[in-house]
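Q: Sharing target-v4.pdb (PDB, C-alpha atoms) below.
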MODEL        1
ATOM      1  CA  MET Y   1      20.026   8.378  27.367
ATOM      2  CA  ASN Y   2      18.313  11.685  28.151
ATOM      3  CA  HIS Y   3      15.224  12.245  30.278
ATOM      4  CA  TRP Y   4      12.823  12.022  27.321
ATOM      5  CA  GLY Y   5      14.451   8.851  26.068
ATOM      6  CA  ARG Y   6      14.098   7.210  29.473
ATOM      7  CA  ALA Y   7      10.486   8.378  29.745
ATOM      8  CA  LEU Y   8       9.702   6.899  26.312
ATOM      9  CA  LEU Y   9      11.323   3.598  27.273
ATOM     10  CA  VAL Y  10       9.324   3.414  30.510
ATOM     11  CA  ASP Y  11       6.126   4.207  28.609
ATOM     12  CA  GLN Y  12       6.851   1.503  26.009
ATOM     13  CA  LYS Y  13       7.500  -1.070  28.736
ATOM     14  CA  GLY Y  14       4.263  -0.042  30.433
ATOM     15  CA  GLN Y  15       2.309  -0.509  27.211
ATOM     16  CA  VAL Y  16       3.852  -3.941  26.652
ATOM     17  CA  GLU Y  17       2.970  -5.034  30.194
ATOM     18  CA  LYS Y  18      -0.577  -3.725  29.821
ATOM     19  CA  ARG Y  19      -0.992  -5.661  26.568
ATOM     20  CA  ARG Y  20       0.493  -8.813  28.104
ATOM     21  CA  LYS Y  21      -1.952  -8.691  31.011
ATOM     22  CA  LYS Y  22      -4.885  -8.276  28.644
ATOM     23  CA  MET Y  23      -3.753 -11.202  26.468
ATOM     24  CA  LYS Y  24      -3.165 -13.376  29.519
ATOM     25  CA  GLN Y  25      -6.626 -12.617  30.905
ATOM     26  CA  GLU Y  26      -8.221 -13.560  27.583
ATOM     27  CA  PHE Y  27      -6.088 -16.722  27.298
ATOM     28  CA  VAL Y  28      -7.060 -17.896  30.801
ATOM     29  CA  LYS Y  29     -10.728 -17.033  30.212
ATOM     30  CA  LEU Y  30     -10.853 -18.996  26.953
ATOM     31  CA  LEU Y  31      -9.416 -22.119  28.571
ATOM     32  CA  LYS Y  32     -11.456 -21.877  31.773
ATOM     33  CA  GLU Y  33     -14.651 -21.690  29.699
ATOM     34  CA  THR Y  34     -13.921 -25.121  28.213
ATOM     35  CA  ASN Y  35     -14.782 -26.580  31.638
ATOM     36  CA  ARG Y  36     -12.473 -29.477  30.805
ATOM     37  CA  GLU Y  37     -11.722 -31.540  33.888
ATOM     38  CA  GLY Y  38      -8.218 -30.703  35.073
ATOM     39  CA  ILE Y  39      -7.972 -27.378  33.202
ATOM     40  CA  ASP Y  40      -7.527 -25.431  36.463
ATOM     41  CA  LYS Y  41      -4.502 -27.559  37.368
ATOM     42  CA  LEU Y  42      -3.045 -27.030  33.909
ATOM     43  CA  LEU Y  43      -3.521 -23.269  34.234
ATOM     44  CA  ASP Y  44      -1.896 -23.399  37.659
ATOM     45  CA  PHE Y  45       1.117 -25.091  36.076
ATOM     46  CA  LEU Y  46       1.321 -22.372  33.417
ATOM     47  CA  GLU Y  47       1.043 -19.659  36.061
ATOM     48  CA  LYS Y  48       4.079 -21.049  37.862
ATOM     49  CA  SER Y  49       6.049 -21.418  34.626
ATOM     50  CA  ASP Y  50       7.438 -18.874  32.163
ATOM     51  CA  PHE Y  51       4.672 -19.482  29.586
ATOM     52  CA  TYR Y  52       3.239 -15.957  29.761
ATOM     53  CA  THR Y  53       6.611 -14.228  29.357
ATOM     54  CA  ALA Y  54       8.538 -16.690  27.153
ATOM     55  CA  PRO Y  55       9.406 -15.971  23.505
ATOM     56  CA  ALA Y  56       7.900 -18.042  20.682
ATOM     57  CA  SER Y  57      11.370 -18.774  19.287
ATOM     58  CA  THR Y  58      14.992 -17.722  19.710
ATOM     59  CA  ARG Y  59      15.188 -15.671  16.489
ATOM     60  CA  PHE Y  60      12.630 -16.756  13.872
ATOM     61  CA  HIS Y  61       9.220 -15.470  14.987
ATOM     62  CA  GLY Y  62       7.904 -13.935  18.169
ATOM     63  CA  SER Y  63      11.453 -13.698  19.480
ATOM     64  CA  LYS Y  64      10.513 -11.342  22.281
ATOM     65  CA  GLU Y  65       9.076 -11.336  25.756
ATOM     66  CA  CYS Y  66       5.472 -12.672  25.699
ATOM     67  CA  GLY Y  67       6.000 -13.931  22.142
ATOM     68  CA  LEU Y  68       4.718 -17.422  23.004
ATOM     69  CA  LEU Y  69       1.488 -16.070  24.479
ATOM     70  CA  GLU Y  70       0.940 -13.760  21.510
ATOM     71  CA  HIS Y  71       1.648 -16.572  19.030
ATOM     72  CA  SER Y  72      -0.801 -18.912  20.762
ATOM     73  CA  MET Y  73      -3.560 -16.276  20.704
ATOM     74  CA  LYS Y  74      -2.959 -15.529  16.998
ATOM     75  CA  VAL Y  75      -3.083 -19.235  16.105
ATOM     76  CA  TYR Y  76      -6.420 -19.477  17.925
ATOM     77  CA  GLU Y  77      -7.779 -16.507  15.971
ATOM     78  CA  LEU Y  78      -6.612 -17.955  12.639
ATOM     79  CA  LEU Y  79      -7.684 -21.539  13.350
ATOM     80  CA  LYS Y  80     -11.172 -20.433  14.318
ATOM     81  CA  GLN Y  81     -11.469 -18.547  11.019
ATOM     82  CA  LYS Y  82     -10.170 -21.526   9.065
ATOM     83  CA  VAL Y  83     -12.715 -23.893  10.582
ATOM     84  CA  GLU Y  84     -15.548 -21.441   9.911
ATOM     85  CA  HIS Y  85     -14.546 -20.920   6.262
ATOM     86  CA  SER Y  86     -13.215 -24.369   5.405
ATOM     87  CA  PRO Y  87     -14.303 -25.644   1.945
ATOM     88  CA  LEU Y  88     -15.033 -28.936   3.688
ATOM     89  CA  PRO Y  89     -17.159 -29.070   6.842
ATOM     90  CA  ILE Y  90     -14.979 -29.591   9.935
ATOM     91  CA  ASP Y  91     -16.929 -31.229  12.745
ATOM     92  CA  ILE Y  92     -15.146 -29.905  15.796
ATOM     93  CA  SER Y  93     -16.219 -27.972  18.874
ATOM     94  CA  ASP Y  94     -15.028 -24.500  19.835
ATOM     95  CA  GLU Y  95     -13.749 -26.106  23.031
ATOM     96  CA  SER Y  96     -11.375 -28.279  21.004
ATOM     97  CA  ILE Y  97     -10.275 -25.351  18.833
ATOM     98  CA  ARG Y  98      -9.320 -23.462  21.987
ATOM     99  CA  ILE Y  99      -7.358 -26.344  23.466
ATOM    100  CA  ILE Y 100      -5.549 -27.122  20.207
ATOM    101  CA  ALA Y 101      -4.578 -23.566  19.340
ATOM    102  CA  LEU Y 102      -3.836 -22.162  22.769
ATOM    103  CA  LEU Y 103      -1.835 -25.162  23.962
ATOM    104  CA  HIS Y 104      -0.147 -26.464  20.785
ATOM    105  CA  ASP Y 105       3.191 -24.934  21.817
ATOM    106  CA  ILE Y 106       3.050 -25.654  25.540
ATOM    107  CA  CYS Y 107       6.222 -27.661  24.834
ATOM    108  CA  LYS Y 108       8.071 -24.319  24.762
ATOM    109  CA  THR Y 109       7.334 -23.744  28.447
ATOM    110  CA  ASN Y 110      10.557 -23.600  30.470
ATOM    111  CA  PHE Y 111      12.398 -24.127  27.174
ATOM    112  CA  TYR Y 112      14.221 -20.832  26.642
ATOM    113  CA  LYS Y 113      16.653 -18.872  28.764
ATOM    114  CA  VAL Y 114      18.224 -15.428  28.494
ATOM    115  CA  ASP Y 115      21.959 -15.525  27.868
ATOM    116  CA  TYR Y 116      24.504 -12.841  26.972
ATOM    117  CA  ARG Y 117      27.028 -12.341  24.182
ATOM    118  CA  ASN Y 118      29.406  -9.594  23.092
ATOM    119  CA  ALA Y 119      28.292  -7.254  20.308
ATOM    120  CA  LYS Y 120      29.171  -3.785  19.098
ATOM    121  CA  ASN Y 121      26.679  -1.027  19.805
ATOM    122  CA  ALA Y 122      25.844   1.910  17.504
ATOM    123  CA  LEU Y 123      29.031   3.673  18.641
ATOM    124  CA  GLY Y 124      31.197   0.674  17.771
ATOM    125  CA  VAL Y 125      31.822  -0.156  21.406
ATOM    126  CA  TRP Y 126      31.707  -3.769  22.540
ATOM    127  CA  GLU Y 127      29.075  -4.566  25.138
ATOM    128  CA  LYS Y 128      27.175  -7.566  26.501
ATOM    129  CA  VAL Y 129      23.718  -7.932  24.974
ATOM    130  CA  PRO Y 130      20.977 -10.400  25.964
ATOM    131  CA  TYR Y 131      19.634 -13.038  23.607
ATOM    132  CA  TYR Y 132      17.369 -16.079  23.856
ATOM    133  CA  ALA Y 133      18.953 -19.525  23.927
ATOM    134  CA  VAL Y 134      17.431 -22.999  24.164
ATOM    135  CA  GLU Y 135      17.613 -24.902  27.426
ATOM    136  CA  ASP Y 136      15.512 -28.013  26.861
ATOM    137  CA  THR Y 137      14.657 -29.314  30.317
ATOM    138  CA  ILE Y 138      12.213 -31.900  28.912
ATOM    139  CA  PRO Y 139      13.829 -33.412  25.770
ATOM    140  CA  TYR Y 140      10.767 -35.147  24.348
ATOM    141  CA  GLY Y 141      10.400 -33.606  20.897
ATOM    142  CA  HIS Y 142       7.936 -30.881  19.914
ATOM    143  CA  GLY Y 143       4.327 -31.754  19.036
ATOM    144  CA  GLU Y 144       4.520 -35.033  20.908
ATOM    145  CA  LYS Y 145       5.943 -33.190  23.900
ATOM    146  CA  SER Y 146       2.978 -30.806  23.937
ATOM    147  CA  VAL Y 147       0.559 -33.754  23.837
ATOM    148  CA  MET Y 148       2.403 -35.414  26.707
ATOM    149  CA  MET Y 149       2.477 -32.272  28.847
ATOM    150  CA  ILE Y 150      -1.207 -31.463  28.307
ATOM    151  CA  SER Y 151      -2.233 -35.075  28.967
ATOM    152  CA  GLU Y 152      -0.736 -34.854  32.440
ATOM    153  CA  TYR Y 153      -3.625 -32.534  33.344
ATOM    154  CA  ILE Y 154      -6.561 -33.044  30.957
ATOM    155  CA  LYS Y 155      -7.883 -35.778  28.676
ATOM    156  CA  LEU Y 156      -7.499 -34.944  24.993
ATOM    157  CA  THR Y 157      -9.772 -36.054  22.152
ATOM    158  CA  ASN Y 158      -8.235 -37.704  19.093
ATOM    159  CA  ASP Y 159      -8.744 -34.541  17.054
ATOM    160  CA  GLU Y 160      -6.846 -32.562  19.684
ATOM    161  CA  LYS Y 161      -4.045 -35.114  19.970
ATOM    162  CA  TYR Y 162      -3.409 -35.356  16.241
ATOM    163  CA  ALA Y 163      -3.722 -31.627  15.587
ATOM    164  CA  ILE Y 164      -1.228 -30.776  18.317
ATOM    165  CA  ARG Y 165       1.135 -33.661  17.509
ATOM    166  CA  TRP Y 166       1.395 -32.802  13.813
ATOM    167  CA  HIS Y 167       1.051 -29.001  13.880
ATOM    168  CA  MET Y 168       4.626 -28.641  12.592
ATOM    169  CA  GLY Y 169       3.651 -30.414   9.370
ATOM    170  CA  TYR Y 170       6.365 -31.028   6.820
ATOM    171  CA  THR Y 171       9.050 -29.367   8.887
ATOM    172  CA  GLU Y 172       9.188 -32.768  10.575
ATOM    173  CA  PRO Y 173      11.807 -35.296   9.312
ATOM    174  CA  LYS Y 174      10.996 -36.524   5.783
ATOM    175  CA  GLU Y 175      10.719 -40.097   7.076
ATOM    176  CA  LEU Y 176       7.444 -38.999   8.710
ATOM    177  CA  TYR Y 177       5.863 -37.421   5.623
ATOM    178  CA  THR Y 178       3.649 -40.432   4.832
ATOM    179  CA  THR Y 179       2.429 -40.574   8.423
ATOM    180  CA  ILE Y 180       1.712 -36.841   8.421
ATOM    181  CA  GLY Y 181      -0.284 -37.141   5.183
ATOM    182  CA  LEU Y 182      -2.372 -39.952   6.627
ATOM    183  CA  ALA Y 183      -2.975 -37.938   9.809
ATOM    184  CA  TYR Y 184      -4.159 -34.911   7.780
ATOM    185  CA  GLN Y 185      -6.546 -37.104   5.757
ATOM    186  CA  LYS Y 186      -8.023 -38.675   8.866
ATOM    187  CA  TYR Y 187      -8.041 -35.512  10.990
ATOM    188  CA  PRO Y 188      -8.400 -32.400   8.768
ATOM    189  CA  ILE Y 189      -8.226 -30.146  11.837
ATOM    190  CA  ALA Y 190      -4.550 -31.144  12.075
ATOM    191  CA  LEU Y 191      -3.865 -29.682   8.619
ATOM    192  CA  LEU Y 192      -5.734 -26.484   9.454
ATOM    193  CA  THR Y 193      -3.729 -26.182  12.671
ATOM    194  CA  HIS Y 194      -0.490 -26.480  10.717
ATOM    195  CA  GLU Y 195      -1.691 -23.794   8.297
ATOM    196  CA  ALA Y 196      -2.718 -21.457  11.144
ATOM    197  CA  ASP Y 197       0.665 -21.969  12.790
ATOM    198  CA  LEU Y 198       2.498 -21.146   9.552
ATOM    199  CA  GLU Y 199       0.382 -18.070   8.899
ATOM    200  CA  ALA Y 200       0.921 -16.709  12.407
ATOM    201  CA  THR Y 201       4.652 -17.208  11.881
ATOM    202  CA  TYR Y 202       5.156 -15.970   8.318
ATOM    203  CA  PHE Y 203       2.242 -13.575   7.694
ATOM    204  CA  PHE Y 204       2.264 -11.890  11.092
ATOM    205  CA  ASP Y 205       5.788 -12.697  12.370
ATOM    206  CA  ILE Y 206       4.217 -13.829  15.653
TER
ENDMDL
END
Now that the file is in, can you turn its structure into structure tokens?
A:
Amino acid sequence: MNHWGRALLVDQKGQVEKRRKKMKQEFVKLLKETNREGIDKLLDFLEKSDFYTAPASTRFHGSKECGLLEHSMKVYELLKQKVEHSPLPIDISDESIRIIALLHDICKTNFYKVDYRNAKNALGVWEKVPYYAVEDTIPYGHGEKSVMMISEYIKLTNDEKYAIRWHMGYTEPKELYTTIGLAYQKYPIALLTHEADLEATYFFDI
């Protein structure tokens, strides 16, 4: 790589880090403003974890450094819009929207690791390249795992619990479809959360 190539790479990394810091500051600010008892301890846990640098997935969406943070912020943006423009009135506070959207994937904290595999580069030469792999240190599921982890620090409302638990929607095992339908009827915010999660993933690849 020549001098200009290295300079461009350094500049790109600098821009990414600058954007990450800005997103992190906004994320922390949004949660602190909820004034939920225990939120500072939860944020302290996230600070000591890999939440702010972790990917959102290994290869499907947000498969990059800070992907999880970016995904969480996009879901918050979309969920807020969905509540505001819902054809049916959704009686839920902005505080709950923040907690649901920003923390729905806390289960992915300390969940991924960087590993290496052999692959050919552009010149056809084999080399070791990094990739994200799963290392599930807390094997407790997905939505239910997020609810459990959050509940160790703050008390969740029913709306928050159900929205976070069922945000994966019908990607859950088919044996749960009836339960999911009942949850969406009783707690419409759970359906909107699922929609926001899907849109962040498939519309924005975040």
Q: Tell me which protein, DNA and RNA residues are within 7 Å of segment 95-104 of chain Y, counting only C-alpha atoms, leaving out same-chain ones fewer than 2 positions away, and put them as a list in words.
A: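 These residues fall inside the cut-off: Leu30, Leu31, Thr34, Ser72, Met73, Val75, Tyr76, Lys80, Ile92, Ser93, Ile106, Ser146, Glu160, Ala163 and Ile164 of chain Y.
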Q: Just say which residues the PyMOL selection byres ((chain Y and resi 57-70) around 9) picks in this file, as a count of residues only.
A: 32
Q: Counting only C-alpha atoms, which of Y:Tyr184, Y:Lys120, Y:Ile150, Y:Leu198 gets nearest to Arg36 of chain Y?
A: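 For Arg36 of chain Y, the nearest of the given residues is Y:Ile150.
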Q: Between atom CA of Asn110 of chain Y and atom CA of Leu46 of chain Y, measure the distance and give it in Å to one decimal.
A: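 Going from atom CA of Asn110 of chain Y over to atom CA of Leu46 of chain Y, I get 9.8 Å.
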Q: Can you spell out as a list of chain:residue names the set of residues that the PyMOL selection byres ((chain Y and resi 185-194) around 6) selects in the structure I just provided?
A: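 Taken on the displayed file, the PyMOL selection byres ((chain Y and resi 185-194) around 6) yields the residues Y:Ala163, Y:His167, Y:Met168, Y:Gly169, Y:Leu182, Y:Ala183, Y:Tyr184, Y:Glu195, Y:Ala196, Y:Asp197.
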Q: Quick one: pull the distance between atom CA of Ile154 of chain Y and atom CA of Thr137 of chain Y, Å, one decimal.
A: 21.6 Å
Q: Would you work out the distance separating atom CA of Glu152 of chain Y from atom CA of Glu135 of chain Y, expressed in Å to one decimal?
A: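 Separation of atom CA of Glu152 of chain Y and atom CA of Glu135 of chain Y: 21.5 Å.
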Q: Can you pull out the residues contacting Lys128 of chain Y? Cut-off 6 Å, using all atoms listed in the file, and skip same-chain residues under 2 positions away; I want them as an MDAnalysis selection string.
A: chainID Y and resid 116:118
Q: Between Y:Cys107, Y:Leu43, Y:Leu88, Y:Val125, which one has atoms that come closest to Val28 of chain Y, using all atoms listed in the file?
A: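 Residue with the minimum atom-to-atom distance to Val28 of chain Y: Y:Leu43.
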Q: Could you extract segment 152-198 of chain Y of the given structure into a file holding N, CA and C atoms, as a PDB file, in the first residue's frame?
A:
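Result went into part_36.pdb, see below:
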ATOM      1  N   GLU Y 152     -31.563  -7.142  35.530  1.00  0.00           N
ATOM      2  CA  GLU Y 152     -30.573  -7.201  36.596  1.00  0.00           C
ATOM      3  C   GLU Y 152     -30.200  -5.805  37.095  1.00  0.00           C
ATOM      4  N   TYR Y 153     -30.585  -4.775  36.319  1.00  0.00           N
ATOM      5  CA  TYR Y 153     -30.211  -3.405  36.669  1.00  0.00           C
ATOM      6  C   TYR Y 153     -31.404  -2.478  36.858  1.00  0.00           C
ATOM      7  N   ILE Y 154     -32.434  -2.611  36.013  1.00  0.00           N
ATOM      8  CA  ILE Y 154     -33.591  -1.717  36.114  1.00  0.00           C
ATOM      9  C   ILE Y 154     -34.883  -2.535  36.067  1.00  0.00           C
ATOM     10  N   LYS Y 155     -35.947  -1.934  36.572  1.00  0.00           N
ATOM     11  CA  LYS Y 155     -37.265  -2.582  36.538  1.00  0.00           C
ATOM     12  C   LYS Y 155     -37.945  -2.220  35.231  1.00  0.00           C
ATOM     13  N   LEU Y 156     -38.411  -3.214  34.506  1.00  0.00           N
ATOM     14  CA  LEU Y 156     -39.075  -3.006  33.229  1.00  0.00           C
ATOM     15  C   LEU Y 156     -40.589  -3.018  33.387  1.00  0.00           C
ATOM     16  N   THR Y 157     -41.279  -2.218  32.575  1.00  0.00           N
ATOM     17  CA  THR Y 157     -42.738  -2.268  32.521  1.00  0.00           C
ATOM     18  C   THR Y 157     -43.138  -3.467  31.670  1.00  0.00           C
ATOM     19  N   ASN Y 158     -44.414  -3.818  31.690  1.00  0.00           N
ATOM     20  CA  ASN Y 158     -44.875  -4.938  30.864  1.00  0.00           C
ATOM     21  C   ASN Y 158     -44.688  -4.642  29.383  1.00  0.00           C
ATOM     22  N   ASP Y 159     -44.997  -3.420  28.971  1.00  0.00           N
ATOM     23  CA  ASP Y 159     -44.796  -3.047  27.572  1.00  0.00           C
ATOM     24  C   ASP Y 159     -43.348  -3.291  27.163  1.00  0.00           C
ATOM     25  N   GLU Y 160     -42.429  -2.877  27.993  1.00  0.00           N
ATOM     26  CA  GLU Y 160     -40.998  -3.021  27.699  1.00  0.00           C
ATOM     27  C   GLU Y 160     -40.593  -4.491  27.648  1.00  0.00           C
ATOM     28  N   LYS Y 161     -41.078  -5.262  28.621  1.00  0.00           N
ATOM     29  CA  LYS Y 161     -40.737  -6.687  28.661  1.00  0.00           C
ATOM     30  C   LYS Y 161     -41.208  -7.414  27.401  1.00  0.00           C
ATOM     31  N   TYR Y 162     -42.474  -7.213  27.052  1.00  0.00           N
ATOM     32  CA  TYR Y 162     -43.027  -7.936  25.910  1.00  0.00           C
ATOM     33  C   TYR Y 162     -42.425  -7.472  24.588  1.00  0.00           C
ATOM     34  N   ALA Y 163     -42.190  -6.177  24.459  1.00  0.00           N
ATOM     35  CA  ALA Y 163     -41.619  -5.657  23.218  1.00  0.00           C
ATOM     36  C   ALA Y 163     -40.218  -6.211  22.994  1.00  0.00           C
ATOM     37  N   ILE Y 164     -39.425  -6.239  24.053  1.00  0.00           N
ATOM     38  CA  ILE Y 164     -38.055  -6.739  23.940  1.00  0.00           C
ATOM     39  C   ILE Y 164     -38.051  -8.263  23.771  1.00  0.00           C
ATOM     40  N   ARG Y 165     -38.882  -8.944  24.528  1.00  0.00           N
ATOM     41  CA  ARG Y 165     -38.928 -10.420  24.442  1.00  0.00           C
ATOM     42  C   ARG Y 165     -39.297 -10.895  23.040  1.00  0.00           C
ATOM     43  N   TRP Y 166     -40.278 -10.238  22.416  1.00  0.00           N
ATOM     44  CA  TRP Y 166     -40.797 -10.730  21.145  1.00  0.00           C
ATOM     45  C   TRP Y 166     -40.378  -9.877  19.949  1.00  0.00           C
ATOM     46  N   HIS Y 167     -39.273  -9.143  20.065  1.00  0.00           N
ATOM     47  CA  HIS Y 167     -38.885  -8.270  18.940  1.00  0.00           C
ATOM     48  C   HIS Y 167     -38.422  -9.050  17.711  1.00  0.00           C
ATOM     49  N   MET Y 168     -38.117 -10.322  17.874  1.00  0.00           N
ATOM     50  CA  MET Y 168     -37.708 -11.147  16.725  1.00  0.00           C
ATOM     51  C   MET Y 168     -38.909 -11.669  15.931  1.00  0.00           C
ATOM     52  N   GLY Y 169     -40.101 -11.522  16.486  1.00  0.00           N
ATOM     53  CA  GLY Y 169     -41.314 -11.893  15.768  1.00  0.00           C
ATOM     54  C   GLY Y 169     -41.329 -13.329  15.290  1.00  0.00           C
ATOM     55  N   TYR Y 170     -41.744 -13.487  14.020  1.00  0.00           N
ATOM     56  CA  TYR Y 170     -41.946 -14.837  13.491  1.00  0.00           C
ATOM     57  C   TYR Y 170     -40.681 -15.494  12.963  1.00  0.00           C
ATOM     58  N   THR Y 171     -39.536 -14.981  13.385  1.00  0.00           N
ATOM     59  CA  THR Y 171     -38.290 -15.715  13.174  1.00  0.00           C
ATOM     60  C   THR Y 171     -38.079 -16.688  14.343  1.00  0.00           C
ATOM     61  N   GLU Y 172     -38.940 -16.568  15.348  1.00  0.00           N
ATOM     62  CA  GLU Y 172     -38.922 -17.501  16.468  1.00  0.00           C
ATOM     63  C   GLU Y 172     -39.456 -18.858  15.990  1.00  0.00           C
ATOM     64  N   PRO Y 173     -39.229 -19.939  16.733  1.00  0.00           N
ATOM     65  CA  PRO Y 173     -39.775 -21.255  16.342  1.00  0.00           C
ATOM     66  C   PRO Y 173     -41.289 -21.197  16.132  1.00  0.00           C
ATOM     67  N   LYS Y 174     -41.789 -21.937  15.143  1.00  0.00           N
ATOM     68  CA  LYS Y 174     -43.208 -21.872  14.774  1.00  0.00           C
ATOM     69  C   LYS Y 174     -44.129 -22.287  15.920  1.00  0.00           C
ATOM     70  N   GLU Y 175     -43.592 -23.074  16.856  1.00  0.00           N
ATOM     71  CA  GLU Y 175     -44.411 -23.484  18.010  1.00  0.00           C
ATOM     72  C   GLU Y 175     -44.817 -22.290  18.865  1.00  0.00           C
ATOM     73  N   LEU Y 176     -44.127 -21.150  18.684  1.00  0.00           N
ATOM     74  CA  LEU Y 176     -44.418 -19.959  19.485  1.00  0.00           C
ATOM     75  C   LEU Y 176     -45.299 -18.953  18.753  1.00  0.00           C
ATOM     76  N   TYR Y 177     -45.700 -19.254  17.537  1.00  0.00           N
ATOM     77  CA  TYR Y 177     -46.443 -18.280  16.729  1.00  0.00           C
ATOM     78  C   TYR Y 177     -47.740 -17.816  17.403  1.00  0.00           C
ATOM     79  N   THR Y 178     -48.483 -18.730  18.002  1.00  0.00           N
ATOM     80  CA  THR Y 178     -49.732 -18.347  18.671  1.00  0.00           C
ATOM     81  C   THR Y 178     -49.450 -17.405  19.829  1.00  0.00           C
ATOM     82  N   THR Y 179     -48.422 -17.719  20.603  1.00  0.00           N
ATOM     83  CA  THR Y 179     -48.041 -16.870  21.732  1.00  0.00           C
ATOM     84  C   THR Y 179     -47.623 -15.483  21.251  1.00  0.00           C
ATOM     85  N   ILE Y 180     -46.854 -15.445  20.173  1.00  0.00           N
ATOM     86  CA  ILE Y 180     -46.403 -14.160  19.630  1.00  0.00           C
ATOM     87  C   ILE Y 180     -47.595 -13.331  19.179  1.00  0.00           C
ATOM     88  N   GLY Y 181     -48.557 -13.954  18.496  1.00  0.00           N
ATOM     89  CA  GLY Y 181     -49.753 -13.245  18.049  1.00  0.00           C
ATOM     90  C   GLY Y 181     -50.533 -12.655  19.210  1.00  0.00           C
ATOM     91  N   LEU Y 182     -50.676 -13.423  20.270  1.00  0.00           N
ATOM     92  CA  LEU Y 182     -51.379 -12.940  21.457  1.00  0.00           C
ATOM     93  C   LEU Y 182     -50.626 -11.771  22.091  1.00  0.00           C
ATOM     94  N   ALA Y 183     -49.301 -11.868  22.125  1.00  0.00           N
ATOM     95  CA  ALA Y 183     -48.483 -10.794  22.703  1.00  0.00           C
ATOM     96  C   ALA Y 183     -48.644  -9.501  21.888  1.00  0.00           C
ATOM     97  N   TYR Y 184     -48.681  -9.612  20.557  1.00  0.00           N
ATOM     98  CA  TYR Y 184     -48.818  -8.436  19.701  1.00  0.00           C
ATOM     99  C   TYR Y 184     -50.197  -7.797  19.835  1.00  0.00           C
ATOM    100  N   GLN Y 185     -51.227  -8.630  20.078  1.00  0.00           N
ATOM    101  CA  GLN Y 185     -52.578  -8.093  20.292  1.00  0.00           C
ATOM    102  C   GLN Y 185     -52.659  -7.338  21.621  1.00  0.00           C
ATOM    103  N   LYS Y 186     -52.033  -7.900  22.621  1.00  0.00           N
ATOM    104  CA  LYS Y 186     -52.110  -7.305  23.963  1.00  0.00           C
ATOM    105  C   LYS Y 186     -51.157  -6.127  24.119  1.00  0.00           C
ATOM    106  N   TYR Y 187     -50.009  -6.203  23.453  1.00  0.00           N
ATOM    107  CA  TYR Y 187     -49.001  -5.141  23.554  1.00  0.00           C
ATOM    108  C   TYR Y 187     -48.554  -4.726  22.146  1.00  0.00           C
ATOM    109  N   PRO Y 188     -49.304  -3.842  21.497  1.00  0.00           N
ATOM    110  CA  PRO Y 188     -48.993  -3.430  20.116  1.00  0.00           C
ATOM    111  C   PRO Y 188     -47.578  -2.884  19.940  1.00  0.00           C
ATOM    112  N   ILE Y 189     -47.003  -2.319  21.004  1.00  0.00           N
ATOM    113  CA  ILE Y 189     -45.644  -1.788  20.901  1.00  0.00           C
ATOM    114  C   ILE Y 189     -44.665  -2.916  20.558  1.00  0.00           C
ATOM    115  N   ALA Y 190     -44.993  -4.142  20.925  1.00  0.00           N
ATOM    116  CA  ALA Y 190     -44.128  -5.278  20.607  1.00  0.00           C
ATOM    117  C   ALA Y 190     -44.092  -5.517  19.100  1.00  0.00           C
ATOM    118  N   LEU Y 191     -45.240  -5.388  18.440  1.00  0.00           N
ATOM    119  CA  LEU Y 191     -45.294  -5.548  16.985  1.00  0.00           C
ATOM    120  C   LEU Y 191     -44.521  -4.431  16.293  1.00  0.00           C
ATOM    121  N   LEU Y 192     -44.695  -3.208  16.762  1.00  0.00           N
ATOM    122  CA  LEU Y 192     -43.980  -2.081  16.163  1.00  0.00           C
ATOM    123  C   LEU Y 192     -42.465  -2.226  16.349  1.00  0.00           C
ATOM    124  N   THR Y 193     -42.070  -2.785  17.480  1.00  0.00           N
ATOM    125  CA  THR Y 193     -40.638  -3.006  17.725  1.00  0.00           C
ATOM    126  C   THR Y 193     -40.085  -4.030  16.740  1.00  0.00           C
ATOM    127  N   HIS Y 194     -40.841  -5.083  16.510  1.00  0.00           N
ATOM    128  CA  HIS Y 194     -40.433  -6.096  15.533  1.00  0.00           C
ATOM    129  C   HIS Y 194     -40.295  -5.467  14.143  1.00  0.00           C
ATOM    130  N   GLU Y 195     -41.262  -4.633  13.766  1.00  0.00           N
ATOM    131  CA  GLU Y 195     -41.221  -3.982  12.463  1.00  0.00           C
ATOM    132  C   GLU Y 195     -40.004  -3.058  12.350  1.00  0.00           C
ATOM    133  N   ALA Y 196     -39.738  -2.278  13.401  1.00  0.00           N
ATOM    134  CA  ALA Y 196     -38.594  -1.363  13.390  1.00  0.00           C
ATOM    135  C   ALA Y 196     -37.285  -2.140  13.273  1.00  0.00           C
ATOM    136  N   ASP Y 197     -37.218  -3.271  13.953  1.00  0.00           N
ATOM    137  CA  ASP Y 197     -36.027  -4.113  13.906  1.00  0.00           C
ATOM    138  C   ASP Y 197     -35.807  -4.661  12.491  1.00  0.00           C
ATOM    139  N   LEU Y 198     -36.886  -5.120  11.861  1.00  0.00           N
ATOM    140  CA  LEU Y 198     -36.800  -5.637  10.499  1.00  0.00           C
ATOM    141  C   LEU Y 198     -36.391  -4.548   9.511  1.00  0.00           C
TER     142      LEU Y 198
END
